[in-house]
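S.K.: Following this line is entry08.txt, made up of compact mmCIF, C-alpha atoms (C1' of nucleotides):
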# COMPACT_ATOMS: atom_id res chain seq x y z
CA MET L 1 0.00 0.00 0.00
CA PRO L 2 1.46 3.37 -0.97
CA ARG L 3 2.35 5.36 2.07
CA ASP L 4 2.65 9.00 1.12
CA LEU L 5 0.49 11.37 3.13
CA ALA L 6 -1.66 12.56 0.22
CA THR L 7 -2.61 9.00 -0.68
CA ARG L 8 -3.26 7.94 2.88
CA LEU L 9 -5.42 10.99 3.47
CA TYR L 10 -7.27 10.25 0.26
CA PHE L 11 -8.11 6.65 1.03
CA ALA L 12 -8.82 7.33 4.70
CA ALA L 13 -11.34 9.94 3.57
CA ILE L 14 -12.91 7.60 1.00
CA HIS L 15 -13.34 4.75 3.42
CA LEU L 16 -14.69 6.95 6.16
CA ILE L 17 -17.30 8.34 3.81
CA ARG L 18 -18.37 4.99 2.49
CA LYS L 19 -18.91 3.90 6.09
CA LEU L 20 -21.26 6.74 6.80
CA ARG L 21 -23.16 6.57 3.55
CA ALA L 22 -25.76 4.20 4.89
CA GLU L 23 -26.76 6.83 7.45
CA ASP L 24 -27.37 9.38 4.77
CA ASP L 25 -29.63 7.04 2.88
CA LYS L 26 -32.09 7.57 5.68
CA LEU L 27 -32.29 11.24 4.77
CA GLY L 28 -33.61 10.22 1.37
CA LEU L 29 -30.75 11.89 -0.46
CA SER L 30 -28.02 10.41 -2.59
CA PRO L 31 -24.36 11.11 -1.72
CA ALA L 32 -24.09 13.41 -4.72
CA GLN L 33 -27.15 15.42 -3.72
CA LEU L 34 -25.97 15.73 -0.14
CA SER L 35 -22.50 16.81 -1.19
CA ALA L 36 -23.92 19.35 -3.61
CA ILE L 37 -26.20 20.85 -0.98
CA SER L 38 -23.38 21.08 1.54
CA THR L 39 -21.25 22.90 -1.03
CA LEU L 40 -24.02 25.34 -1.78
CA VAL L 41 -24.73 25.99 1.87
CA SER L 42 -21.10 26.60 2.75
CA ARG L 43 -20.27 28.75 -0.27
CA GLY L 44 -23.51 30.62 -0.83
CA GLU L 45 -25.32 31.60 -4.03
CA MET L 46 -23.58 30.69 -7.27
CA THR L 47 -24.14 30.44 -11.00
CA LEU L 48 -24.64 26.95 -12.42
CA SER L 49 -21.14 26.97 -13.91
CA GLU L 50 -19.60 27.93 -10.61
CA PHE L 51 -21.65 25.27 -8.92
CA ALA L 52 -20.46 22.62 -11.36
CA GLU L 53 -16.86 23.64 -10.76
CA ALA L 54 -17.28 23.69 -6.98
CA HIS L 55 -19.03 20.33 -6.98
CA GLY L 56 -16.48 18.87 -9.35
CA VAL L 57 -18.75 17.83 -12.23
CA ARG L 58 -19.49 18.84 -15.81
CA PRO L 59 -22.32 21.24 -16.67
CA PRO L 60 -24.86 18.63 -17.83
CA THR L 61 -24.55 16.84 -14.51
CA ILE L 62 -25.27 20.02 -12.58
CA THR L 63 -28.25 20.85 -14.74
CA ARG L 64 -29.93 17.59 -13.86
CA LEU L 65 -28.89 17.65 -10.22
CA VAL L 66 -30.31 21.13 -9.75
CA GLN L 67 -33.57 20.15 -11.47
CA ARG L 68 -33.98 17.38 -8.93
CA LEU L 69 -32.97 19.47 -5.93
CA GLU L 70 -35.32 22.24 -6.98
CA ALA L 71 -38.20 19.81 -7.44
CA ASP L 72 -37.50 18.48 -3.97
CA GLY L 73 -37.41 21.96 -2.46
CA TYR L 74 -33.74 22.09 -1.47
CA VAL L 75 -32.63 24.85 -3.85
CA ILE L 76 -34.05 27.81 -5.73
CA ARG L 77 -33.01 28.77 -9.24
CA GLU L 78 -33.12 32.33 -10.48
CA GLU L 79 -32.31 33.89 -13.80
CA SER L 80 -29.71 36.58 -13.73
CA PRO L 81 -31.21 39.96 -14.68
CA SER L 82 -27.93 41.24 -16.11
CA ASP L 83 -27.19 38.26 -18.34
CA ARG L 84 -30.13 36.19 -19.44
CA ARG L 85 -28.01 33.15 -20.24
CA VAL L 86 -27.02 32.83 -16.60
CA ALA L 87 -28.93 31.07 -13.83
CA THR L 88 -28.03 31.21 -10.16
CA VAL L 89 -28.87 28.78 -7.37
CA ARG L 90 -29.18 29.14 -3.64
CA HIS L 91 -30.29 26.80 -0.90
CA THR L 92 -33.61 26.89 0.94
CA SER L 93 -34.22 26.65 4.65
CA LYS L 94 -35.30 23.06 4.04
CA ALA L 95 -31.76 22.32 2.87
CA TRP L 96 -30.35 23.74 6.06
CA THR L 97 -32.76 21.82 8.24
CA MET L 98 -31.93 18.61 6.42
CA LEU L 99 -28.20 19.09 7.00
CA GLU L 100 -28.87 19.62 10.69
CA ARG L 101 -30.90 16.45 10.87
CA GLY L 102 -28.15 14.54 9.08
CA ALA L 103 -25.58 15.91 11.45
CA SER L 104 -27.21 14.26 14.43
CA LYS L 105 -27.49 10.95 12.56
CA ARG L 106 -23.83 11.01 11.61
CA ALA L 107 -22.82 12.03 15.07
CA ALA L 108 -24.81 9.11 16.46
CA ALA L 109 -23.25 6.70 13.98
CA LEU L 110 -19.79 7.96 14.82
CA SER L 111 -20.38 8.41 18.50
CA GLN L 112 -18.94 5.06 19.42
CA ALA L 113 -15.76 5.72 17.46
CA MET L 114 -15.66 9.33 18.58
CA ARG L 115 -16.15 8.53 22.23
CA ALA L 116 -13.08 6.34 22.09
CA LEU L 117 -10.93 9.33 21.11
CA SER L 118 -8.82 11.13 23.68
CA ALA L 119 -9.20 14.89 24.08
CA GLU L 120 -5.87 15.28 22.36
CA GLU L 121 -7.01 13.19 19.41
CA THR L 122 -10.18 15.22 19.10
CA ASP L 123 -8.07 18.38 18.97
CA THR L 124 -5.88 16.88 16.28
CA LEU L 125 -8.89 15.92 14.23
CA GLU L 126 -10.40 19.36 14.70
CA HIS L 127 -7.27 21.04 13.43
CA ALA L 128 -6.87 18.58 10.57
CA VAL L 129 -10.41 19.22 9.44
CA GLU L 130 -9.63 22.92 9.13
CA ILE L 131 -6.69 22.09 6.92
CA MET L 132 -8.78 19.71 4.84
CA GLU L 133 -11.52 22.28 4.45
CA ARG L 134 -8.98 24.75 3.19
CA ILE L 135 -7.47 22.30 0.71
CA GLY L 136 -10.93 21.25 -0.43
CA ARG L 137 -11.77 24.82 -1.36
CA GLU L 138 -8.62 25.38 -3.36
CA ARG L 139 -8.72 24.98 -7.06
CA ILE L 140 -6.58 22.18 -8.40
CA GLU L 141 -5.39 23.04 -11.85
CA PRO L 142 -5.65 20.52 -14.60
CA ARG L 143 -2.38 19.64 -16.27
CA MET M 144 -23.76 25.01 8.24
CA PRO M 145 -23.78 22.44 11.03
CA ARG M 146 -20.64 22.65 13.03
CA ASP M 147 -20.17 19.43 14.95
CA LEU M 148 -16.88 17.69 14.34
CA ALA M 149 -18.31 14.54 12.80
CA THR M 150 -20.20 16.55 10.18
CA ARG M 151 -17.32 18.85 9.41
CA LEU M 152 -14.98 15.89 9.02
CA TYR M 153 -17.51 14.20 6.79
CA PHE M 154 -18.01 17.09 4.40
CA ALA M 155 -14.34 18.05 4.40
CA ALA M 156 -13.56 14.50 3.34
CA ILE M 157 -16.25 14.50 0.66
CA HIS M 158 -15.14 17.75 -0.88
CA LEU M 159 -11.47 16.83 -0.79
CA ILE M 160 -12.19 13.60 -2.60
CA ARG M 161 -14.36 15.18 -5.24
CA LYS M 162 -11.50 17.57 -5.95
CA LEU M 163 -9.06 14.77 -6.58
CA ARG M 164 -11.39 12.62 -8.59
CA ALA M 165 -10.38 14.12 -11.88
CA GLU M 166 -6.84 12.87 -11.30
CA ASP M 167 -8.04 9.34 -10.82
CA ASP M 168 -9.95 9.42 -14.06
CA LYS M 169 -6.58 9.37 -15.74
CA LEU M 170 -5.92 5.96 -14.23
CA GLY M 171 -8.92 4.68 -16.15
CA LEU M 172 -10.69 3.58 -13.00
CA SER M 173 -13.92 4.79 -11.46
CA PRO M 174 -13.94 6.04 -7.87
CA ALA M 175 -15.78 2.90 -6.79
CA GLN M 176 -13.22 0.62 -8.44
CA LEU M 177 -10.33 2.53 -6.95
CA SER M 178 -11.83 2.50 -3.49
CA ALA M 179 -12.56 -1.22 -3.74
CA ILE M 180 -9.02 -2.01 -4.82
CA SER M 181 -7.53 0.05 -2.03
CA THR M 182 -9.71 -1.79 0.48
CA LEU M 183 -8.64 -5.13 -0.86
CA VAL M 184 -4.97 -4.20 -0.87
CA SER M 185 -5.01 -2.88 2.67
CA ARG M 186 -7.08 -5.70 4.16
CA GLY M 187 -5.93 -8.68 2.15
CA GLU M 188 -7.82 -11.67 0.76
CA MET M 189 -11.51 -11.82 1.57
CA THR M 190 -14.71 -13.60 0.65
CA LEU M 191 -17.16 -11.69 -1.53
CA SER M 192 -19.46 -11.08 1.42
CA GLU M 193 -16.65 -9.70 3.50
CA PHE M 194 -15.59 -7.57 0.59
CA ALA M 195 -19.10 -6.17 0.19
CA GLU M 196 -19.23 -5.32 3.87
CA ALA M 197 -15.76 -3.73 3.85
CA HIS M 198 -16.55 -1.74 0.73
CA GLY M 199 -19.93 -0.71 2.09
CA VAL M 200 -22.19 -2.12 -0.61
CA ARG M 201 -24.73 -4.93 -1.08
CA PRO M 202 -23.72 -8.31 -2.51
CA PRO M 203 -25.03 -7.75 -6.06
CA THR M 204 -22.91 -4.65 -6.37
CA ILE M 205 -19.77 -6.51 -5.35
CA THR M 206 -20.49 -9.34 -7.76
CA ARG M 207 -20.50 -6.98 -10.70
CA LEU M 208 -17.59 -4.88 -9.46
CA VAL M 209 -15.43 -7.96 -9.03
CA GLN M 210 -16.37 -9.25 -12.49
CA ARG M 211 -15.11 -5.99 -13.93
CA LEU M 212 -11.95 -5.86 -11.82
CA GLU M 213 -11.13 -9.44 -12.65
CA ALA M 214 -11.62 -8.85 -16.37
CA ASP M 215 -9.27 -5.88 -16.11
CA GLY M 216 -6.65 -7.89 -14.25
CA TYR M 217 -6.79 -6.13 -10.90
CA VAL M 218 -8.14 -9.02 -8.83
CA ILE M 219 -8.25 -12.78 -8.84
CA ARG M 220 -11.26 -14.82 -7.77
CA GLU M 221 -10.95 -18.26 -6.30
CA GLU M 222 -13.51 -20.76 -5.13
CA SER M 223 -13.17 -21.85 -1.57
CA PRO M 224 -12.27 -25.55 -1.38
CA SER M 225 -13.98 -26.01 1.98
CA ASP M 226 -17.29 -24.42 1.00
CA ARG M 227 -18.20 -24.41 -2.64
CA ARG M 228 -20.69 -21.57 -2.25
CA VAL M 229 -17.92 -19.22 -1.24
CA ALA M 230 -15.59 -17.25 -3.49
CA THR M 231 -12.57 -15.29 -2.32
CA VAL M 232 -10.81 -12.36 -3.97
CA ARG M 233 -7.31 -11.00 -3.76
CA HIS M 234 -5.49 -8.27 -5.59
CA THR M 235 -2.88 -8.75 -8.31
CA SER M 236 0.46 -7.02 -8.65
CA LYS M 237 -1.14 -4.89 -11.35
CA ALA M 238 -3.46 -3.49 -8.68
CA TRP M 239 -0.53 -2.56 -6.52
CA THR M 240 1.35 -0.94 -9.37
CA MET M 241 -1.73 1.07 -10.30
CA LEU M 242 -2.11 2.38 -6.74
CA GLU M 243 1.53 3.45 -6.79
CA ARG M 244 1.05 5.26 -10.05
CA GLY M 245 -2.07 6.97 -8.71
CA ALA M 246 -0.22 8.01 -5.60
CA SER M 247 2.24 10.07 -7.58
CA LYS M 248 -0.57 11.71 -9.55
CA ARG M 249 -2.43 12.64 -6.41
CA ALA M 250 0.72 13.86 -4.75
CA ALA M 251 1.38 16.05 -7.77
CA ALA M 252 -2.17 17.39 -7.75
CA LEU M 253 -1.97 18.14 -4.05
CA SER M 254 1.59 19.34 -4.05
CA GLN M 255 0.63 22.96 -4.38
CA ALA M 256 -1.74 22.75 -1.43
CA MET M 257 0.63 20.51 0.50
CA ARG M 258 3.65 22.72 -0.04
CA ALA M 259 1.75 25.54 1.60
CA LEU M 260 1.43 23.54 4.81
CA SER M 261 3.75 24.15 7.72
CA ALA M 262 5.66 21.23 9.23
CA GLU M 263 3.33 21.40 12.18
CA GLU M 264 0.26 21.19 9.95
CA THR M 265 1.72 18.22 8.14
CA ASP M 266 2.20 16.50 11.48
CA THR M 267 -1.36 17.24 12.47
CA LEU M 268 -2.65 15.84 9.20
CA GLU M 269 -0.45 12.77 9.58
CA HIS M 270 -1.84 12.06 13.03
CA ALA M 271 -5.41 12.78 11.97
CA VAL M 272 -5.11 10.36 9.08
CA GLU M 273 -4.16 7.61 11.52
CA ILE M 274 -7.29 8.34 13.51
CA MET M 275 -9.42 8.40 10.38
CA GLU M 276 -7.95 5.12 9.19
CA ARG M 277 -8.86 3.56 12.50
CA ILE M 278 -12.41 4.90 12.43
CA GLY M 279 -12.79 3.81 8.81
CA ARG M 280 -11.95 0.24 9.71
CA GLU M 281 -14.42 0.06 12.55
CA ARG M 282 -17.77 -1.46 11.96
CA ILE M 283 -20.65 0.93 12.38
CA GLU M 284 -23.68 -0.94 13.55
CA PRO M 285 -27.00 -0.34 11.93
CA ARG M 286 -29.70 0.85 14.27
C1' DT P 287 -31.07 -40.93 5.82
C1' DG P 288 -33.72 -37.31 3.96
C1' DC P 289 -36.23 -33.10 4.15
C1' DA P 290 -36.39 -28.24 5.63
C1' DT P 291 -34.01 -24.24 6.50
C1' DA P 292 -30.15 -21.14 6.13
C1' DT P 293 -26.39 -19.00 3.64
C1' DA P 294 -23.24 -17.32 -0.45
C1' DA P 295 -23.46 -15.60 -4.55
C1' DT P 296 -25.73 -14.39 -8.95
C1' DT P 297 -29.32 -12.65 -12.15
C1' DA P 298 -32.90 -9.42 -13.47
C1' DG P 299 -34.52 -5.08 -13.57
C1' DC P 300 -34.77 -0.57 -11.91
C1' DT P 301 -32.81 4.53 -10.60
C1' DT P 302 -29.22 7.99 -10.27
C1' DA P 303 -24.82 10.08 -11.45
C1' DG P 304 -21.36 10.68 -14.34
C1' DC P 305 -19.61 11.54 -19.15
C1' DT P 306 -19.28 13.53 -24.34
C1' DA P 307 -21.33 15.45 -28.34
C1' DA P 308 -24.55 18.30 -30.26
C1' DC P 309 -27.51 22.15 -29.71
C1' DC P 310 -29.91 26.70 -28.49
C1' DA P 311 -29.94 31.32 -27.05
C1' DA P 312 -27.81 35.39 -25.45
C1' DA P 313 -23.70 38.33 -25.29
C1' DT P 314 -19.59 40.10 -27.30
C1' DT P 315 -16.47 41.47 -30.82
C1' DA P 316 -14.80 42.54 -35.39
C1' DT Q 317 -24.59 43.14 -38.83
C1' DA Q 318 -22.21 38.76 -39.03
C1' DA Q 319 -19.12 35.72 -36.61
C1' DT Q 320 -17.55 34.04 -32.41
C1' DT Q 321 -17.83 33.01 -27.65
C1' DT Q 322 -20.21 31.72 -23.58
C1' DG Q 323 -23.85 29.60 -20.32
C1' DG Q 324 -26.85 26.19 -20.09
C1' DT Q 325 -29.72 22.18 -21.85
C1' DT Q 326 -30.85 17.90 -24.42
C1' DA Q 327 -29.81 13.31 -26.03
C1' DG Q 328 -27.82 9.20 -25.36
C1' DC Q 329 -24.54 6.33 -23.36
C1' DT Q 330 -21.98 3.61 -19.18
C1' DA Q 331 -21.20 2.49 -14.31
C1' DA Q 332 -22.74 2.03 -9.59
C1' DG Q 333 -26.05 1.56 -6.44
C1' DC Q 334 -30.43 -0.78 -4.85
C1' DT Q 335 -34.28 -4.71 -3.97
C1' DA Q 336 -36.45 -9.00 -5.20
C1' DA Q 337 -36.04 -13.37 -6.91
C1' DT Q 338 -33.11 -17.45 -8.10
C1' DT Q 339 -29.49 -21.07 -7.81
C1' DA Q 340 -26.53 -24.00 -5.42
C1' DT Q 341 -24.42 -25.66 -1.43
C1' DA Q 342 -24.36 -26.51 3.75
C1' DT Q 343 -26.43 -27.47 7.94
C1' DG Q 344 -29.72 -29.14 11.30
C1' DC Q 345 -33.00 -32.20 12.83
C1' DA Q 346 -36.72 -35.86 12.87
What would the structure in this file look like if it were written as structure tokens?
M.R.:
Amino acid sequence: MPRDLATRLYFAAIHLIRKLRAEDDKLGLSPAQLSAISTLVSRGEMTLSEFAEAHGVRPPTITRLVQRLEADGYVIREESPSDRRVATVRHTSKAWTMLERGASKRAAALSQAMRALSAEETDTLEHAVEIMERIGRERIEPR
Amino acid sequence: MPRDLATRLYFAAIHLIRKLRAEDDKLGLSPAQLSAISTLVSRGEMTLSEFAEAHGVRPPTITRLVQRLEADGYVIREESPSDRRVATVRHTSKAWTMLERGASKRAAALSQAMRALSAEETDTLEHAVEIMERIGRERIEPR
DNA sequence: TGCATATAATTAGCTTAGCTAACCAAATTA
DNA sequence: TAATTTGGTTAGCTAAGCTAATTATATGCA
């Protein structure tokens, strides 16, 4: 197994997420929908192109995702008055409420594992999450 | 945005992964295939049921995934001699080589972000990854 | 022994998420 | 004004996930 930090972080993140996915099923949202909503909530209103970039997918994928999320009441689409080609999206209060509800489910699912952590380990994780959040927001340029 | 640690860790992990996904495309493997291979490599030979559980999917999904991975030369299936219902899987050297190759791609993609980290932040991340790896291996019981 | 039940995996058939290519409509530029 | 560029959508495909039903082998018990 490759041992560089980037790779270990990557696979640790993947496996952790796959573990928790079952919990999210109970919210009635797919992983992609949940991830998209969390991006929108943390970054605020965006155009569809910006949303696609932030979510890491191609435009057609965002078009369909937003159609679904709008139909389900999690986001609102608006046409830009200045440029009629452009559409913007923002989240609804329902989206926020849903994330809150999911938070308690995930916390419950992780509570056993989390309880076993020392205060020092919790601090480490806390700090690491800040770093990961920062990296996750950065743009990685294609080569 | 909900602010408990479990949720922040979860979304930070999701967004980080989605960022790096484009890199993995170049390996010619889907995220699910890559994740499955990394699980198999780190845990060693397993039955299909165990593999499904470890990978976090239902049996039919593993059946198809393994068919694909076997056809592509990343895993080998074997029938259990003691119980003819059971099949086991293990990874090939090709799987290992591919992970190595992916590691350098990811490292390159992250290098910009990683270079910006202080030694102390790298340490924090290193330690946090160990914790995440541990949590990721634990079984989360359904309720 | 022999039948009933349990277990491991597969097959069938569905939905969602991703992609590229092709397209439409609005904005910009020559 | 015509040509080009840009933002988004449509069409059509593949892969990954699911549940329900099926097949084949093991196990348990009368």
S.K.: Any idea what's packed within 12 Å of His15 (chain L), counting only C-alpha atoms (C1' of nucleotides), ignoring anything in its chain fewer than 4 positions away? Could you give it as a PyMOL selection string?
M.R.: (chain L and resi 8-11+19-21) or (chain M and resi 153+156-157+160+174-175+177-183+185+196-200+272+275-282)
S.K.: In Å, how far is it from CA of Gln210 (chain M) to C1' of DT341 (chain Q)?
M.R.: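 Here the two named atoms are 21.4 Å from each other.
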S.K.: Please tabulate, as JSON lines, the residues of chain L that come within 7 Å of chain P, each with its closest pair of atoms and the distance in Å to one decimal, counting all atoms listed in the file and ordering rows by chain, then residue number upward.
M.R.:
{"residue": "L:Thr61", "atom": "CA", "partner": "P:DG304", "partner_atom": "C1'", "distance": 6.9}
{"residue": "L:Arg84", "atom": "CA", "partner": "P:DA312", "partner_atom": "C1'", "distance": 6.5}
{"residue": "L:Arg85", "atom": "CA", "partner": "P:DA312", "partner_atom": "C1'", "distance": 5.7}
S.K.: Could you give me, as a list of chain:residue names, the residues that sit within 9 Å of (-28.3, 35.4, -9.2) in the file's coordinates, counting all atoms listed in the file?
M.R.: L:Glu45, L:Met46, L:Thr47, L:Arg77, L:Glu78, L:Glu79, L:Ser80, L:Pro81, L:Val86, L:Ala87, L:Thr88, L:Val89, L:Arg90
S.K.: Can you pull out every residue within 9 Å of Ile62 (chain L), counting only C-alpha atoms (C1' of nucleotides), but drop anything in the same chain fewer than 6 positions away, and send it as a list of chain:residue names?
M.R.: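 My reading of the contact set: L:Leu48, L:Ser49, L:Phe51, L:Ala52, L:His55.
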S.K.: Using C-alpha atoms, can you export the residues from the last selection as an mmCIF file, in the frame of the given file?
M.R.:
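This is the output file result_5.cif:
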data_model
loop_
_atom_site.group_PDB
_atom_site.id
_atom_site.type_symbol
_atom_site.label_atom_id
_atom_site.label_comp_id
_atom_site.auth_asym_id
_atom_site.auth_seq_id
_atom_site.Cartn_x
_atom_site.Cartn_y
_atom_site.Cartn_z
ATOM 1 C CA LEU L 48 -24.640 26.950 -12.420
ATOM 2 C CA SER L 49 -21.140 26.970 -13.910
ATOM 3 C CA PHE L 51 -21.650 25.270 -8.920
ATOM 4 C CA ALA L 52 -20.460 22.620 -11.360
ATOM 5 C CA HIS L 55 -19.030 20.330 -6.980
#
S.K.: Pick the closest to DT326 (chain Q) from L:Asp24, L:Leu29, L:Gly44, L:Thr63: which is it, counting only C-alpha atoms (C1' of nucleotides)?
M.R.: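 For DT326 (chain Q), the nearest of the candidates is L:Thr63.
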S.K.: Find the residues of chain Q in contact range of chain M, meaning any atom within 12 Å when counting only C-alpha atoms (C1' of nucleotides), and list them as an NGL selection string.
M.R.: :Q and (330-336 or 339-343)
S.K.: Using CA of Leu242 (chain M) and CA of Ala256 (chain M) as the two end points, give the distance in Å to one decimal.
M.R.: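 Separation of CA of Leu242 (chain M) and CA of Ala256 (chain M): 21.1 Å.
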S.K.: Could you state the separation of CA of Leu268 (chain M) and CA of Arg101 (chain L) in Å, given to one decimal place?
M.R.: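 Pair CA of Leu268 (chain M) / CA of Arg101 (chain L) returns 28.3 Å.
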S.K.: Please determine, counting all atoms listed in the file, which residue among M:Ala252, M:Ala262, M:Ile219, M:Leu212 has the shortest atom-to-atom distance to chain L.
M.R.: M:Ala252
S.K.: Which of these residues is nearest to chain M, using only C-alpha atoms: L:Ala108, L:Ala116, L:Ala12, L:Val66?
M.R.: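 Selected residue with least distance to chain M: L:Ala12.
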S.K.: Using all atoms listed in the file, can you tell me which of L:Val75, L:Ser118, L:Leu27, L:Glu100 comes closest to chain M?
M.R.: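 Distance minimum relative to chain M lands on L:Glu100.
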S.K.: Using only C-alpha atoms, find the one residue out of M:Thr150, M:Thr240, M:Thr235, M:Ser225 that sits nearest to chain L.
M.R.: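 Distance minimum relative to chain L lands on M:Thr150.
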S.K.: Can you rebuild region 77-100 of chain L with N, CA and C atoms and give it as a PDB file, in the frame of the given file?
M.R.:
ATOM      1  N   ARG L  77     -33.696  28.255  -8.056  1.00  0.00           N
ATOM      2  CA  ARG L  77     -33.010  28.770  -9.240  1.00  0.00           C
ATOM      3  C   ARG L  77     -33.532  30.143  -9.568  1.00  0.00           C
ATOM      4  N   GLU L  78     -32.660  31.024 -10.017  1.00  0.00           N
ATOM      5  CA  GLU L  78     -33.120  32.330 -10.480  1.00  0.00           C
ATOM      6  C   GLU L  78     -32.334  32.726 -11.712  1.00  0.00           C
ATOM      7  N   GLU L  79     -33.023  33.401 -12.625  1.00  0.00           N
ATOM      8  CA  GLU L  79     -32.310  33.890 -13.800  1.00  0.00           C
ATOM      9  C   GLU L  79     -31.619  35.191 -13.444  1.00  0.00           C
ATOM     10  N   SER L  80     -30.440  35.342 -13.976  1.00  0.00           N
ATOM     11  CA  SER L  80     -29.710  36.580 -13.730  1.00  0.00           C
ATOM     12  C   SER L  80     -30.323  37.703 -14.544  1.00  0.00           C
ATOM     13  N   PRO L  81     -30.599  38.851 -13.924  1.00  0.00           N
ATOM     14  CA  PRO L  81     -31.210  39.960 -14.680  1.00  0.00           C
ATOM     15  C   PRO L  81     -30.208  40.595 -15.634  1.00  0.00           C
ATOM     16  N   SER L  82     -28.934  40.554 -15.288  1.00  0.00           N
ATOM     17  CA  SER L  82     -27.930  41.240 -16.110  1.00  0.00           C
ATOM     18  C   SER L  82     -27.522  40.420 -17.336  1.00  0.00           C
ATOM     19  N   ASP L  83     -27.578  39.114 -17.219  1.00  0.00           N
ATOM     20  CA  ASP L  83     -27.190  38.260 -18.340  1.00  0.00           C
ATOM     21  C   ASP L  83     -28.172  37.107 -18.414  1.00  0.00           C
ATOM     22  N   ARG L  84     -29.015  37.152 -19.414  1.00  0.00           N
ATOM     23  CA  ARG L  84     -30.130  36.190 -19.440  1.00  0.00           C
ATOM     24  C   ARG L  84     -29.731  34.760 -19.773  1.00  0.00           C
ATOM     25  N   ARG L  85     -28.450  34.544 -20.077  1.00  0.00           N
ATOM     26  CA  ARG L  85     -28.010  33.150 -20.240  1.00  0.00           C
ATOM     27  C   ARG L  85     -27.787  32.492 -18.887  1.00  0.00           C
ATOM     28  N   VAL L  86     -27.494  33.326 -17.894  1.00  0.00           N
ATOM     29  CA  VAL L  86     -27.020  32.830 -16.600  1.00  0.00           C
ATOM     30  C   VAL L  86     -28.142  32.522 -15.624  1.00  0.00           C
ATOM     31  N   ALA L  87     -27.998  31.400 -14.918  1.00  0.00           N
ATOM     32  CA  ALA L  87     -28.930  31.070 -13.830  1.00  0.00           C
ATOM     33  C   ALA L  87     -28.131  30.931 -12.545  1.00  0.00           C
ATOM     34  N   THR L  88     -28.692  31.375 -11.453  1.00  0.00           N
ATOM     35  CA  THR L  88     -28.030  31.210 -10.160  1.00  0.00           C
ATOM     36  C   THR L  88     -28.860  30.263  -9.295  1.00  0.00           C
ATOM     37  N   VAL L  89     -28.202  29.679  -8.325  1.00  0.00           N
ATOM     38  CA  VAL L  89     -28.870  28.780  -7.370  1.00  0.00           C
ATOM     39  C   VAL L  89     -28.526  29.179  -5.959  1.00  0.00           C
ATOM     40  N   ARG L  90     -29.486  29.013  -5.060  1.00  0.00           N
ATOM     41  CA  ARG L  90     -29.180  29.140  -3.640  1.00  0.00           C
ATOM     42  C   ARG L  90     -30.012  28.121  -2.870  1.00  0.00           C
ATOM     43  N   HIS L  91     -29.598  27.851  -1.648  1.00  0.00           N
ATOM     44  CA  HIS L  91     -30.290  26.800  -0.900  1.00  0.00           C
ATOM     45  C   HIS L  91     -31.501  27.379  -0.182  1.00  0.00           C
ATOM     46  N   THR L  92     -32.428  26.498   0.173  1.00  0.00           N
ATOM     47  CA  THR L  92     -33.610  26.890   0.940  1.00  0.00           C
ATOM     48  C   THR L  92     -33.397  26.553   2.407  1.00  0.00           C
ATOM     49  N   SER L  93     -34.325  26.976   3.220  1.00  0.00           N
ATOM     50  CA  SER L  93     -34.220  26.650   4.650  1.00  0.00           C
ATOM     51  C   SER L  93     -34.393  25.145   4.850  1.00  0.00           C
ATOM     52  N   LYS L  94     -35.135  24.523   3.958  1.00  0.00           N
ATOM     53  CA  LYS L  94     -35.300  23.060   4.040  1.00  0.00           C
ATOM     54  C   LYS L  94     -33.946  22.364   3.920  1.00  0.00           C
ATOM     55  N   ALA L  95     -33.094  22.896   3.049  1.00  0.00           N
ATOM     56  CA  ALA L  95     -31.760  22.320   2.870  1.00  0.00           C
ATOM     57  C   ALA L  95     -30.987  22.397   4.183  1.00  0.00           C
ATOM     58  N   TRP L  96     -31.089  23.521   4.818  1.00  0.00           N
ATOM     59  CA  TRP L  96     -30.350  23.740   6.060  1.00  0.00           C
ATOM     60  C   TRP L  96     -30.847  22.780   7.145  1.00  0.00           C
ATOM     61  N   THR L  97     -32.159  22.697   7.243  1.00  0.00           N
ATOM     62  CA  THR L  97     -32.760  21.820   8.240  1.00  0.00           C
ATOM     63  C   THR L  97     -32.333  20.371   8.029  1.00  0.00           C
ATOM     64  N   MET L  98     -32.308  19.973   6.746  1.00  0.00           N
ATOM     65  CA  MET L  98     -31.930  18.610   6.420  1.00  0.00           C
ATOM     66  C   MET L  98     -30.484  18.338   6.841  1.00  0.00           C
ATOM     67  N   LEU L  99     -29.592  19.286   6.599  1.00  0.00           N
ATOM     68  CA  LEU L  99     -28.200  19.090   7.000  1.00  0.00           C
ATOM     69  C   LEU L  99     -28.088  18.935   8.517  1.00  0.00           C
ATOM     70  N   GLU L 100     -28.852  19.709   9.227  1.00  0.00           N
ATOM     71  CA  GLU L 100     -28.870  19.620  10.690  1.00  0.00           C
ATOM     72  C   GLU L 100     -29.304  18.221  11.149  1.00  0.00           C
TER      73      GLU L 100
END
